[in-house]
file protein_37.txt (compact mmCIF, N, CA and C atoms)
# COMPACT_ATOMS: atom_id res chain seq x y z
N MET Z 1 -4.73 3.61 -10.16
CA MET Z 1 -3.36 3.70 -9.71
C MET Z 1 -2.47 3.25 -10.87
N PHE Z 2 -1.33 3.92 -11.01
CA PHE Z 2 -0.46 3.64 -12.14
C PHE Z 2 0.91 3.18 -11.65
N HIS Z 3 1.39 2.13 -12.27
CA HIS Z 3 2.71 1.59 -11.96
C HIS Z 3 3.62 1.90 -13.14
N TYR Z 4 4.67 2.66 -12.88
CA TYR Z 4 5.62 3.05 -13.93
C TYR Z 4 6.74 2.02 -13.98
N CYS Z 5 7.10 1.60 -15.18
CA CYS Z 5 8.17 0.62 -15.32
C CYS Z 5 8.67 0.60 -16.76
N SER Z 6 9.71 -0.18 -16.97
CA SER Z 6 10.25 -0.34 -18.32
C SER Z 6 9.33 -1.27 -19.11
N ILE Z 7 9.53 -1.30 -20.40
CA ILE Z 7 8.75 -2.18 -21.27
C ILE Z 7 9.02 -3.64 -20.89
N GLU Z 8 10.26 -3.96 -20.58
CA GLU Z 8 10.61 -5.32 -20.17
C GLU Z 8 9.91 -5.71 -18.87
N ALA Z 9 9.86 -4.79 -17.92
CA ALA Z 9 9.17 -5.08 -16.65
C ALA Z 9 7.68 -5.28 -16.90
N MET Z 10 7.09 -4.50 -17.80
CA MET Z 10 5.68 -4.68 -18.12
C MET Z 10 5.45 -6.06 -18.73
N ARG Z 11 6.34 -6.47 -19.61
CA ARG Z 11 6.22 -7.79 -20.23
C ARG Z 11 6.22 -8.88 -19.15
N MET Z 12 7.12 -8.76 -18.17
CA MET Z 12 7.21 -9.75 -17.10
C MET Z 12 5.95 -9.74 -16.23
N ILE Z 13 5.41 -8.56 -15.96
CA ILE Z 13 4.18 -8.46 -15.16
C ILE Z 13 3.04 -9.17 -15.88
N VAL Z 14 2.92 -8.93 -17.17
CA VAL Z 14 1.83 -9.54 -17.94
C VAL Z 14 2.02 -11.05 -18.04
N GLU Z 15 3.24 -11.49 -18.35
CA GLU Z 15 3.49 -12.92 -18.52
C GLU Z 15 3.35 -13.71 -17.22
N THR Z 16 3.87 -13.16 -16.13
CA THR Z 16 3.87 -13.91 -14.86
C THR Z 16 2.66 -13.58 -13.98
N LYS Z 17 1.92 -12.53 -14.36
CA LYS Z 17 0.79 -12.05 -13.55
C LYS Z 17 1.24 -11.78 -12.12
N THR Z 18 2.44 -11.17 -12.01
CA THR Z 18 3.06 -10.91 -10.72
C THR Z 18 3.60 -9.49 -10.69
N ILE Z 19 3.44 -8.84 -9.55
CA ILE Z 19 4.05 -7.54 -9.34
C ILE Z 19 5.15 -7.74 -8.30
N TRP Z 20 6.35 -7.39 -8.65
CA TRP Z 20 7.45 -7.54 -7.70
C TRP Z 20 7.38 -6.46 -6.64
N VAL Z 21 7.83 -6.81 -5.46
CA VAL Z 21 7.92 -5.86 -4.36
C VAL Z 21 9.37 -5.78 -3.92
N SER Z 22 9.71 -4.68 -3.27
CA SER Z 22 11.08 -4.46 -2.78
C SER Z 22 11.03 -4.13 -1.30
N ASN Z 23 12.09 -4.49 -0.60
CA ASN Z 23 12.22 -4.09 0.79
C ASN Z 23 12.28 -2.57 0.81
N SER Z 24 11.43 -1.95 1.63
CA SER Z 24 11.33 -0.49 1.63
C SER Z 24 12.63 0.20 2.03
N ARG Z 25 13.50 -0.51 2.71
CA ARG Z 25 14.79 0.09 3.11
C ARG Z 25 15.76 0.20 1.94
N PHE Z 26 15.43 -0.43 0.82
CA PHE Z 26 16.34 -0.42 -0.33
C PHE Z 26 15.72 0.26 -1.55
N LEU Z 27 14.73 1.10 -1.33
CA LEU Z 27 14.11 1.83 -2.43
C LEU Z 27 15.01 2.96 -2.92
N ASN Z 28 14.72 3.46 -4.10
CA ASN Z 28 15.44 4.63 -4.62
C ASN Z 28 15.33 5.78 -3.63
N ASP Z 29 14.12 5.95 -3.07
CA ASP Z 29 13.88 7.04 -2.13
C ASP Z 29 13.60 6.44 -0.75
N PHE Z 30 14.61 5.83 -0.16
CA PHE Z 30 14.45 5.19 1.15
C PHE Z 30 14.26 6.23 2.25
N GLU Z 31 14.47 7.49 1.93
CA GLU Z 31 14.32 8.56 2.91
C GLU Z 31 12.91 8.60 3.49
N GLU Z 32 11.91 8.23 2.68
CA GLU Z 32 10.53 8.22 3.18
C GLU Z 32 10.41 7.30 4.39
N VAL Z 33 10.98 6.11 4.30
CA VAL Z 33 10.91 5.14 5.38
C VAL Z 33 11.74 5.62 6.57
N THR Z 34 12.94 6.10 6.31
CA THR Z 34 13.81 6.59 7.37
C THR Z 34 13.16 7.73 8.13
N ARG Z 35 12.55 8.66 7.41
CA ARG Z 35 11.90 9.81 8.03
C ARG Z 35 10.74 9.35 8.91
N ALA Z 36 9.96 8.38 8.45
CA ALA Z 36 8.83 7.87 9.24
C ALA Z 36 9.33 7.21 10.52
N ILE Z 37 10.37 6.41 10.42
CA ILE Z 37 10.90 5.73 11.60
C ILE Z 37 11.46 6.73 12.59
N LYS Z 38 12.17 7.75 12.11
CA LYS Z 38 12.72 8.77 13.01
C LYS Z 38 11.59 9.54 13.71
N THR Z 39 10.50 9.80 13.01
CA THR Z 39 9.36 10.48 13.61
C THR Z 39 8.76 9.63 14.71
N ILE Z 40 8.62 8.35 14.46
CA ILE Z 40 8.07 7.44 15.47
C ILE Z 40 9.01 7.35 16.67
N GLU Z 41 10.31 7.31 16.43
CA GLU Z 41 11.28 7.27 17.53
C GLU Z 41 11.14 8.48 18.45
N ARG Z 42 10.85 9.64 17.86
CA ARG Z 42 10.72 10.87 18.65
C ARG Z 42 9.37 10.95 19.38
N SER Z 43 8.36 10.26 18.86
CA SER Z 43 7.01 10.46 19.39
C SER Z 43 6.20 9.18 19.57
N PRO Z 44 6.77 8.11 20.11
CA PRO Z 44 5.98 6.86 20.20
C PRO Z 44 4.75 7.01 21.09
N ASP Z 45 4.83 7.83 22.12
CA ASP Z 45 3.68 7.99 23.02
C ASP Z 45 2.51 8.72 22.35
N LEU Z 46 2.81 9.59 21.38
CA LEU Z 46 1.72 10.27 20.67
C LEU Z 46 0.94 9.28 19.81
N ILE Z 47 1.60 8.27 19.30
CA ILE Z 47 0.93 7.30 18.45
C ILE Z 47 -0.03 6.42 19.26
N VAL Z 48 0.36 6.07 20.48
CA VAL Z 48 -0.48 5.19 21.30
C VAL Z 48 -1.38 5.96 22.26
N GLN Z 49 -1.34 7.27 22.17
CA GLN Z 49 -2.17 8.09 23.05
C GLN Z 49 -3.64 7.68 22.90
N GLY Z 50 -4.28 7.42 24.02
CA GLY Z 50 -5.67 6.99 24.01
C GLY Z 50 -5.85 5.49 23.96
N LEU Z 51 -4.75 4.75 23.76
CA LEU Z 51 -4.84 3.30 23.70
C LEU Z 51 -4.20 2.62 24.91
N GLU Z 52 -3.81 3.42 25.90
CA GLU Z 52 -3.09 2.89 27.06
C GLU Z 52 -3.85 1.77 27.77
N THR Z 53 -5.18 1.78 27.70
CA THR Z 53 -5.97 0.76 28.39
C THR Z 53 -6.38 -0.39 27.47
N HIS Z 54 -5.96 -0.33 26.21
CA HIS Z 54 -6.30 -1.41 25.28
C HIS Z 54 -5.63 -2.70 25.74
N GLU Z 55 -6.36 -3.81 25.64
CA GLU Z 55 -5.84 -5.08 26.14
C GLU Z 55 -4.55 -5.53 25.45
N ARG Z 56 -4.29 -5.01 24.28
CA ARG Z 56 -3.09 -5.43 23.54
C ARG Z 56 -2.03 -4.32 23.47
N ILE Z 57 -2.04 -3.44 24.44
CA ILE Z 57 -1.10 -2.31 24.42
C ILE Z 57 0.35 -2.77 24.41
N GLU Z 58 0.65 -3.87 25.08
CA GLU Z 58 2.03 -4.34 25.10
C GLU Z 58 2.46 -4.83 23.72
N ILE Z 59 1.57 -5.46 22.98
CA ILE Z 59 1.89 -5.86 21.60
C ILE Z 59 2.12 -4.61 20.76
N ILE Z 60 1.27 -3.62 20.92
CA ILE Z 60 1.41 -2.37 20.16
C ILE Z 60 2.76 -1.73 20.45
N ARG Z 61 3.11 -1.62 21.72
CA ARG Z 61 4.39 -1.00 22.08
C ARG Z 61 5.57 -1.84 21.55
N SER Z 62 5.47 -3.16 21.63
CA SER Z 62 6.58 -3.99 21.15
C SER Z 62 6.73 -3.89 19.63
N GLN Z 63 5.60 -3.76 18.92
CA GLN Z 63 5.68 -3.62 17.47
C GLN Z 63 6.25 -2.25 17.08
N LEU Z 64 5.92 -1.21 17.84
CA LEU Z 64 6.54 0.10 17.58
C LEU Z 64 8.04 0.04 17.82
N GLN Z 65 8.44 -0.66 18.88
CA GLN Z 65 9.87 -0.82 19.16
C GLN Z 65 10.55 -1.61 18.04
N ARG Z 66 9.88 -2.64 17.58
CA ARG Z 66 10.42 -3.46 16.48
C ARG Z 66 10.57 -2.62 15.21
N LEU Z 67 9.61 -1.75 14.97
CA LEU Z 67 9.66 -0.87 13.81
C LEU Z 67 10.92 -0.02 13.83
N MET Z 68 11.32 0.39 15.02
CA MET Z 68 12.50 1.26 15.14
C MET Z 68 13.81 0.47 15.06
N ASN Z 69 13.73 -0.85 15.15
CA ASN Z 69 14.93 -1.69 15.03
C ASN Z 69 15.09 -2.15 13.60
N SER Z 70 16.21 -2.71 13.31
CA SER Z 70 16.49 -3.10 11.92
C SER Z 70 15.82 -4.39 11.49
N ASP Z 71 15.12 -5.09 12.39
CA ASP Z 71 14.51 -6.35 11.97
C ASP Z 71 13.10 -6.17 11.41
N PHE Z 72 12.65 -4.94 11.26
CA PHE Z 72 11.33 -4.66 10.72
C PHE Z 72 11.48 -4.44 9.21
N HIS Z 73 10.72 -5.19 8.44
CA HIS Z 73 10.82 -5.08 6.98
C HIS Z 73 9.43 -4.94 6.38
N VAL Z 74 9.29 -3.94 5.55
CA VAL Z 74 8.06 -3.74 4.79
C VAL Z 74 8.45 -3.85 3.32
N PHE Z 75 7.68 -4.62 2.58
CA PHE Z 75 7.94 -4.78 1.16
C PHE Z 75 6.87 -4.04 0.39
N VAL Z 76 7.31 -3.26 -0.60
CA VAL Z 76 6.39 -2.37 -1.30
C VAL Z 76 6.58 -2.43 -2.81
N SER Z 77 5.55 -2.02 -3.49
CA SER Z 77 5.61 -1.73 -4.91
C SER Z 77 5.01 -0.33 -5.05
N SER Z 78 5.59 0.47 -5.89
CA SER Z 78 5.19 1.88 -5.97
C SER Z 78 4.17 2.12 -7.07
N PHE Z 79 3.21 2.95 -6.74
CA PHE Z 79 2.18 3.36 -7.68
C PHE Z 79 2.04 4.87 -7.60
N CYS Z 80 1.38 5.43 -8.59
CA CYS Z 80 1.20 6.87 -8.66
C CYS Z 80 -0.25 7.15 -9.06
N LYS Z 81 -0.78 8.27 -8.62
CA LYS Z 81 -2.15 8.65 -8.98
C LYS Z 81 -2.23 9.20 -10.40
N HIS Z 82 -1.10 9.60 -10.95
CA HIS Z 82 -1.07 10.29 -12.24
C HIS Z 82 -0.66 9.34 -13.37
N PRO Z 83 -1.43 9.32 -14.46
CA PRO Z 83 -1.14 8.38 -15.55
C PRO Z 83 0.01 8.78 -16.48
N ASP Z 84 0.41 10.03 -16.43
CA ASP Z 84 1.40 10.51 -17.40
C ASP Z 84 2.35 11.48 -16.70
N LYS Z 85 3.30 10.94 -15.99
CA LYS Z 85 4.19 11.78 -15.19
C LYS Z 85 5.64 11.50 -15.60
N LEU Z 86 6.24 12.46 -16.26
CA LEU Z 86 7.59 12.30 -16.80
C LEU Z 86 8.61 11.95 -15.71
N SER Z 87 8.48 12.55 -14.53
CA SER Z 87 9.45 12.28 -13.46
C SER Z 87 9.40 10.80 -13.04
N GLN Z 88 8.23 10.19 -13.11
CA GLN Z 88 8.13 8.77 -12.77
C GLN Z 88 8.82 7.92 -13.83
N CYS Z 89 8.64 8.29 -15.09
CA CYS Z 89 9.32 7.56 -16.17
C CYS Z 89 10.83 7.65 -16.02
N ARG Z 90 11.31 8.83 -15.70
CA ARG Z 90 12.75 9.00 -15.53
C ARG Z 90 13.27 8.16 -14.37
N GLY Z 91 12.46 7.99 -13.34
CA GLY Z 91 12.90 7.24 -12.17
C GLY Z 91 12.82 5.74 -12.33
N TYR Z 92 11.92 5.26 -13.19
CA TYR Z 92 11.68 3.82 -13.24
C TYR Z 92 11.98 3.15 -14.57
N ALA Z 93 12.42 3.90 -15.55
CA ALA Z 93 12.74 3.28 -16.84
C ALA Z 93 13.92 4.00 -17.47
N ARG Z 94 14.70 3.24 -18.22
CA ARG Z 94 15.89 3.82 -18.87
C ARG Z 94 15.56 4.31 -20.28
N ASP Z 95 16.31 5.27 -20.73
CA ASP Z 95 16.25 5.74 -22.11
C ASP Z 95 14.86 6.17 -22.56
N GLY Z 96 14.01 6.58 -21.65
CA GLY Z 96 12.68 7.06 -22.01
C GLY Z 96 11.72 5.97 -22.44
N ALA Z 97 12.14 4.70 -22.40
CA ALA Z 97 11.26 3.59 -22.77
C ALA Z 97 10.44 3.19 -21.55
N CYS Z 98 9.34 3.89 -21.36
CA CYS Z 98 8.57 3.76 -20.13
C CYS Z 98 7.10 3.51 -20.44
N VAL Z 99 6.46 2.77 -19.57
CA VAL Z 99 5.02 2.60 -19.64
C VAL Z 99 4.44 2.85 -18.26
N SER Z 100 3.17 3.23 -18.23
CA SER Z 100 2.46 3.29 -16.95
C SER Z 100 1.27 2.34 -17.09
N ILE Z 101 1.22 1.38 -16.19
CA ILE Z 101 0.18 0.37 -16.22
C ILE Z 101 -0.87 0.75 -15.18
N CYS Z 102 -2.12 0.77 -15.59
CA CYS Z 102 -3.20 1.12 -14.68
C CYS Z 102 -3.68 -0.12 -13.93
N PHE Z 103 -3.74 -0.02 -12.60
CA PHE Z 103 -4.24 -1.10 -11.75
C PHE Z 103 -5.41 -0.59 -10.95
N SER Z 104 -6.36 -1.46 -10.70
CA SER Z 104 -7.49 -1.14 -9.85
C SER Z 104 -7.12 -1.38 -8.40
N ARG Z 105 -7.27 -0.38 -7.57
CA ARG Z 105 -6.98 -0.52 -6.14
C ARG Z 105 -7.85 -1.63 -5.54
N LYS Z 106 -9.11 -1.64 -5.92
CA LYS Z 106 -10.04 -2.63 -5.39
C LYS Z 106 -9.58 -4.05 -5.73
N VAL Z 107 -9.17 -4.27 -6.95
CA VAL Z 107 -8.70 -5.60 -7.36
C VAL Z 107 -7.44 -5.99 -6.59
N LEU Z 108 -6.51 -5.06 -6.44
CA LEU Z 108 -5.29 -5.36 -5.69
C LEU Z 108 -5.62 -5.73 -4.24
N GLU Z 109 -6.55 -5.00 -3.63
CA GLU Z 109 -6.94 -5.31 -2.26
C GLU Z 109 -7.64 -6.66 -2.18
N GLU Z 110 -8.45 -6.98 -3.17
CA GLU Z 110 -9.12 -8.29 -3.20
C GLU Z 110 -8.10 -9.42 -3.34
N MET Z 111 -6.95 -9.12 -3.96
CA MET Z 111 -5.88 -10.12 -4.10
C MET Z 111 -5.06 -10.26 -2.83
N GLY Z 112 -5.32 -9.41 -1.84
CA GLY Z 112 -4.62 -9.52 -0.57
C GLY Z 112 -3.56 -8.46 -0.34
N TYR Z 113 -3.38 -7.55 -1.30
CA TYR Z 113 -2.41 -6.48 -1.10
C TYR Z 113 -2.99 -5.41 -0.19
N GLN Z 114 -2.16 -4.85 0.66
CA GLN Z 114 -2.58 -3.71 1.46
C GLN Z 114 -2.13 -2.46 0.71
N VAL Z 115 -3.06 -1.64 0.30
CA VAL Z 115 -2.77 -0.45 -0.48
C VAL Z 115 -2.84 0.75 0.45
N SER Z 116 -1.74 1.46 0.57
CA SER Z 116 -1.68 2.64 1.45
C SER Z 116 -0.96 3.77 0.74
N GLU Z 117 -1.36 4.97 1.08
CA GLU Z 117 -0.68 6.14 0.55
C GLU Z 117 0.51 6.49 1.42
N VAL Z 118 1.54 7.04 0.80
CA VAL Z 118 2.66 7.58 1.55
C VAL Z 118 2.18 8.91 2.14
N ILE Z 119 2.41 9.09 3.42
CA ILE Z 119 1.96 10.30 4.11
C ILE Z 119 3.15 11.22 4.30
N TYR Z 120 3.07 12.40 3.77
CA TYR Z 120 4.15 13.37 3.89
C TYR Z 120 3.78 14.43 4.91
N GLY Z 121 4.78 15.03 5.50
CA GLY Z 121 4.56 16.20 6.33
C GLY Z 121 4.11 15.91 7.74
N SER Z 122 3.52 16.92 8.34
CA SER Z 122 3.20 16.91 9.76
C SER Z 122 2.01 16.02 10.11
N HIS Z 123 1.29 15.55 9.15
CA HIS Z 123 0.11 14.72 9.43
C HIS Z 123 0.46 13.27 9.71
N PHE Z 124 1.73 12.92 9.63
CA PHE Z 124 2.12 11.52 9.78
C PHE Z 124 1.70 10.93 11.12
N ILE Z 125 2.05 11.60 12.22
CA ILE Z 125 1.78 11.06 13.56
C ILE Z 125 0.27 10.90 13.77
N GLU Z 126 -0.50 11.93 13.45
CA GLU Z 126 -1.95 11.83 13.69
C GLU Z 126 -2.59 10.77 12.80
N THR Z 127 -2.10 10.61 11.56
CA THR Z 127 -2.63 9.58 10.69
C THR Z 127 -2.27 8.20 11.21
N ALA Z 128 -1.02 8.03 11.66
CA ALA Z 128 -0.59 6.75 12.22
C ALA Z 128 -1.42 6.40 13.45
N ALA Z 129 -1.66 7.37 14.32
CA ALA Z 129 -2.45 7.14 15.53
C ALA Z 129 -3.89 6.76 15.18
N THR Z 130 -4.48 7.45 14.21
CA THR Z 130 -5.85 7.16 13.79
C THR Z 130 -5.95 5.76 13.21
N ARG Z 131 -5.00 5.40 12.36
CA ARG Z 131 -5.03 4.06 11.75
C ARG Z 131 -4.83 2.97 12.80
N LEU Z 132 -3.97 3.22 13.76
CA LEU Z 132 -3.75 2.24 14.83
C LEU Z 132 -5.03 2.06 15.66
N LYS Z 133 -5.71 3.15 15.95
CA LYS Z 133 -6.98 3.06 16.69
C LYS Z 133 -8.02 2.29 15.88
N ASP Z 134 -8.05 2.52 14.56
CA ASP Z 134 -8.99 1.78 13.70
C ASP Z 134 -8.70 0.28 13.75
N VAL Z 135 -7.42 -0.07 13.70
CA VAL Z 135 -7.03 -1.49 13.78
C VAL Z 135 -7.48 -2.07 15.12
N CYS Z 136 -7.25 -1.34 16.19
CA CYS Z 136 -7.64 -1.81 17.52
C CYS Z 136 -9.16 -1.99 17.62
N ASP Z 137 -9.91 -1.11 16.98
CA ASP Z 137 -11.37 -1.19 17.03
C ASP Z 137 -11.92 -2.45 16.36
N VAL Z 138 -11.24 -2.92 15.34
CA VAL Z 138 -11.74 -4.09 14.60
C VAL Z 138 -10.96 -5.37 14.91
N SER Z 139 -10.11 -5.34 15.92
CA SER Z 139 -9.19 -6.46 16.16
C SER Z 139 -9.65 -7.46 17.21
N GLU Z 140 -10.82 -7.28 17.76
CA GLU Z 140 -11.24 -8.13 18.87
C GLU Z 140 -11.23 -9.62 18.51
N ASP Z 141 -11.56 -9.95 17.28
CA ASP Z 141 -11.63 -11.36 16.88
C ASP Z 141 -10.32 -11.90 16.33
N LEU Z 142 -9.30 -11.07 16.25
CA LEU Z 142 -8.01 -11.52 15.71
C LEU Z 142 -7.18 -12.24 16.76
N SER Z 143 -6.44 -13.23 16.30
CA SER Z 143 -5.47 -13.87 17.19
C SER Z 143 -4.36 -12.87 17.46
N GLN Z 144 -3.54 -13.15 18.46
CA GLN Z 144 -2.41 -12.25 18.76
C GLN Z 144 -1.46 -12.16 17.57
N THR Z 145 -1.24 -13.28 16.88
CA THR Z 145 -0.34 -13.28 15.71
C THR Z 145 -0.88 -12.39 14.60
N ASP Z 146 -2.17 -12.52 14.31
CA ASP Z 146 -2.78 -11.70 13.27
C ASP Z 146 -2.80 -10.23 13.67
N PHE Z 147 -3.05 -9.97 14.94
CA PHE Z 147 -3.03 -8.58 15.41
C PHE Z 147 -1.64 -7.99 15.25
N ARG Z 148 -0.60 -8.76 15.55
CA ARG Z 148 0.79 -8.29 15.38
C ARG Z 148 1.05 -7.87 13.94
N ARG Z 149 0.57 -8.65 12.99
CA ARG Z 149 0.76 -8.33 11.58
C ARG Z 149 0.09 -7.02 11.26
call {"tool": "encode", "arguments": {"input": "protein_37.txt", "output": "structure tokens"}}
result
Amino acid sequence: MFHYCSIEAMRMIVETKTIWVSNSRFLNDFEEVTRAIKTIERSPDLIVQGLETHERIEIIRSQLQRLMNSDFHVFVSSFCKHPDKLSQCRGYARDGACVSICFSRKVLEEMGYQVSEVIYGSHFIETAATRLKDVCDVSEDLSQTDFRR
């Protein structure tokens, strides 16, 4: 995975060993988040379809409702699958002074980051439903607080 940034941002990443994250509602392309929320607003029952009898269905429904309200915040850092993409340089660095830093997905996950792909198009609802079912399948040992997260 490649993170595009300015030379100064790369210097800060190396010196501080930190990757900054941003609230997803304030990204350059916040439309991705807005589109996902609007899709969920139109189809919340499709996402929970098949989970109606799950013991934590009320938590699931309340979290979906929270997602549609303004108090839901996801913080992200953007990565790309491509190591040399001019459009990414134009978006993340000024005056063509751009670098792409390669990160290992496995290492990021071992550090506690949740790495997910942005899902475009009509597959969003079915992917969200599948991932939610996967979470429910492995959540039996989680506390309610951890399940909410």
call {"tool": "select_by_dssp", "arguments": {"input": "protein_37.txt", "residues": "stretch 42-110 of chain Z", "states": "alpha helix (DSSP H)", "output": "VMD selection string"}}
result
chain Z and resid 42 44 to 48 57 to 68 86 to 92 105 to 110
call {"tool": "closest_residue", "arguments": {"input": "protein_37.txt", "among": "Z:Ser43, Z:His54, Z:Glu109, Z:Gln114", "to": "Z:Phe75", "atoms": "only C-alpha atoms"}}
result
Z:Gln114
call {"tool": "select_by_dssp", "arguments": {"input": "protein_37.txt", "residues": "stretch 8-136 of chain Z", "states": "strand (DSSP E or B)", "output": "PyMOL selection string"}}
result
chain Z and resi 22-23+75-76+80+98-102
call {"tool": "residues_around", "arguments": {"input": "protein_37.txt", "residues": "Z:Leu46", "least_positions_apart": "2", "cutoff": "9 Å", "atoms": "only C-alpha atoms", "output": "ChimeraX atom specification"}}
result
/Z:40,43-44,48-50,125-126,129
call {"tool": "residues_around", "arguments": {"input": "protein_37.txt", "residues": "Z:Cys89", "least_positions_apart": "4", "cutoff": "7 Å", "atoms": "all atoms listed in the file", "output": "number ranges by chain"}}
result
Z: 4-5, 85, 93-94, 96, 98-99
call {"tool": "closest_residue", "arguments": {"input": "protein_37.txt", "among": "Z:Asp45, Z:Thr39, Z:Leu27, Z:Ser100", "to": "Z:His82", "atoms": "only N, CA and C atoms"}}
result
Z:Ser100
call {"tool": "axis_aligned_box", "arguments": {"input": "protein_37.txt", "around": "stretch 126-141 of chain Z", "padding_each_side": "5 Å", "output": "JSON"}}
result
{"center_x": -6.2, "center_y": 0.0, "center_z": 14.8, "size_x": 21.4, "size_y": 33.8, "size_z": 18.2}
call {"tool": "atom_distance", "arguments": {"input": "protein_37.txt", "atom1": "atom CA of Z:Ile47", "atom2": "atom CA of Z:Leu142"}}
result
21.0 Å
call {"tool": "decode", "arguments": {"input": "protein_37.txt", "residues": "stretch 65-121 of chain Z", "atoms": "C-alpha atoms", "output": "compact mmCIF listing (two decimals), in the first residue's frame"}}
result
# COMPACT_ATOMS: atom_id res chain seq x y z
CA GLN Z 65 -28.72 5.17 13.32
CA ARG Z 66 -25.68 6.82 14.88
CA LEU Z 67 -23.82 6.47 11.58
CA MET Z 68 -26.55 8.48 9.90
CA ASN Z 69 -26.31 11.24 12.52
CA SER Z 70 -23.57 13.80 12.74
CA ASP Z 71 -22.00 12.37 15.91
CA PHE Z 72 -20.40 9.46 14.04
CA HIS Z 73 -16.75 10.08 13.21
CA VAL Z 74 -14.33 7.88 11.34
CA PHE Z 75 -10.71 8.92 11.11
CA VAL Z 76 -8.75 7.78 8.09
CA SER Z 77 -5.45 7.96 6.32
CA SER Z 78 -5.46 7.33 2.59
CA PHE Z 79 -3.44 4.74 0.76
CA CYS Z 80 -3.32 3.57 -2.84
CA LYS Z 81 -2.54 0.23 -4.47
CA HIS Z 82 -0.44 1.92 -7.15
CA PRO Z 83 3.15 3.06 -6.46
CA ASP Z 84 3.37 5.68 -9.19
CA LYS Z 85 0.13 7.53 -9.78
CA LEU Z 86 0.36 11.13 -10.96
CA SER Z 87 -3.21 11.96 -9.90
CA GLN Z 88 -2.36 11.03 -6.31
CA CYS Z 89 0.70 13.29 -6.36
CA ARG Z 90 -1.38 16.15 -7.66
CA GLY Z 91 -3.91 15.61 -4.89
CA TYR Z 92 -1.53 15.24 -1.97
CA ALA Z 93 1.55 17.33 -2.71
CA ARG Z 94 2.24 20.81 -4.03
CA ASP Z 95 4.45 21.78 -6.94
CA GLY Z 96 5.07 18.17 -7.99
CA ALA Z 97 7.26 17.54 -4.92
CA CYS Z 98 5.66 14.21 -4.07
CA VAL Z 99 6.67 10.88 -2.66
CA SER Z 100 4.84 7.60 -2.29
CA ILE Z 101 5.78 5.65 0.81
CA CYS Z 102 5.22 1.91 0.76
CA PHE Z 103 3.57 0.43 3.87
CA SER Z 104 2.89 -3.19 4.69
CA ARG Z 105 -0.80 -3.83 5.33
CA LYS Z 106 0.12 -6.64 7.70
CA VAL Z 107 2.38 -4.39 9.79
CA LEU Z 108 -0.26 -1.65 9.96
CA GLU Z 109 -2.85 -4.18 11.13
CA GLU Z 110 -0.42 -5.56 13.72
CA MET Z 111 -0.05 -1.97 15.00
CA GLY Z 112 -3.81 -1.84 15.56
CA TYR Z 113 -4.94 -0.03 12.42
CA GLN Z 114 -8.04 -1.31 10.68
CA VAL Z 115 -7.23 -1.41 6.97
CA SER Z 116 -10.24 -1.36 4.66
CA GLU Z 117 -10.81 -0.66 1.01
CA VAL Z 118 -13.19 2.01 -0.16
CA ILE Z 119 -16.10 0.24 -1.83
CA TYR Z 120 -17.52 1.94 -4.89
CA GLY Z 121 -20.71 1.25 -6.76
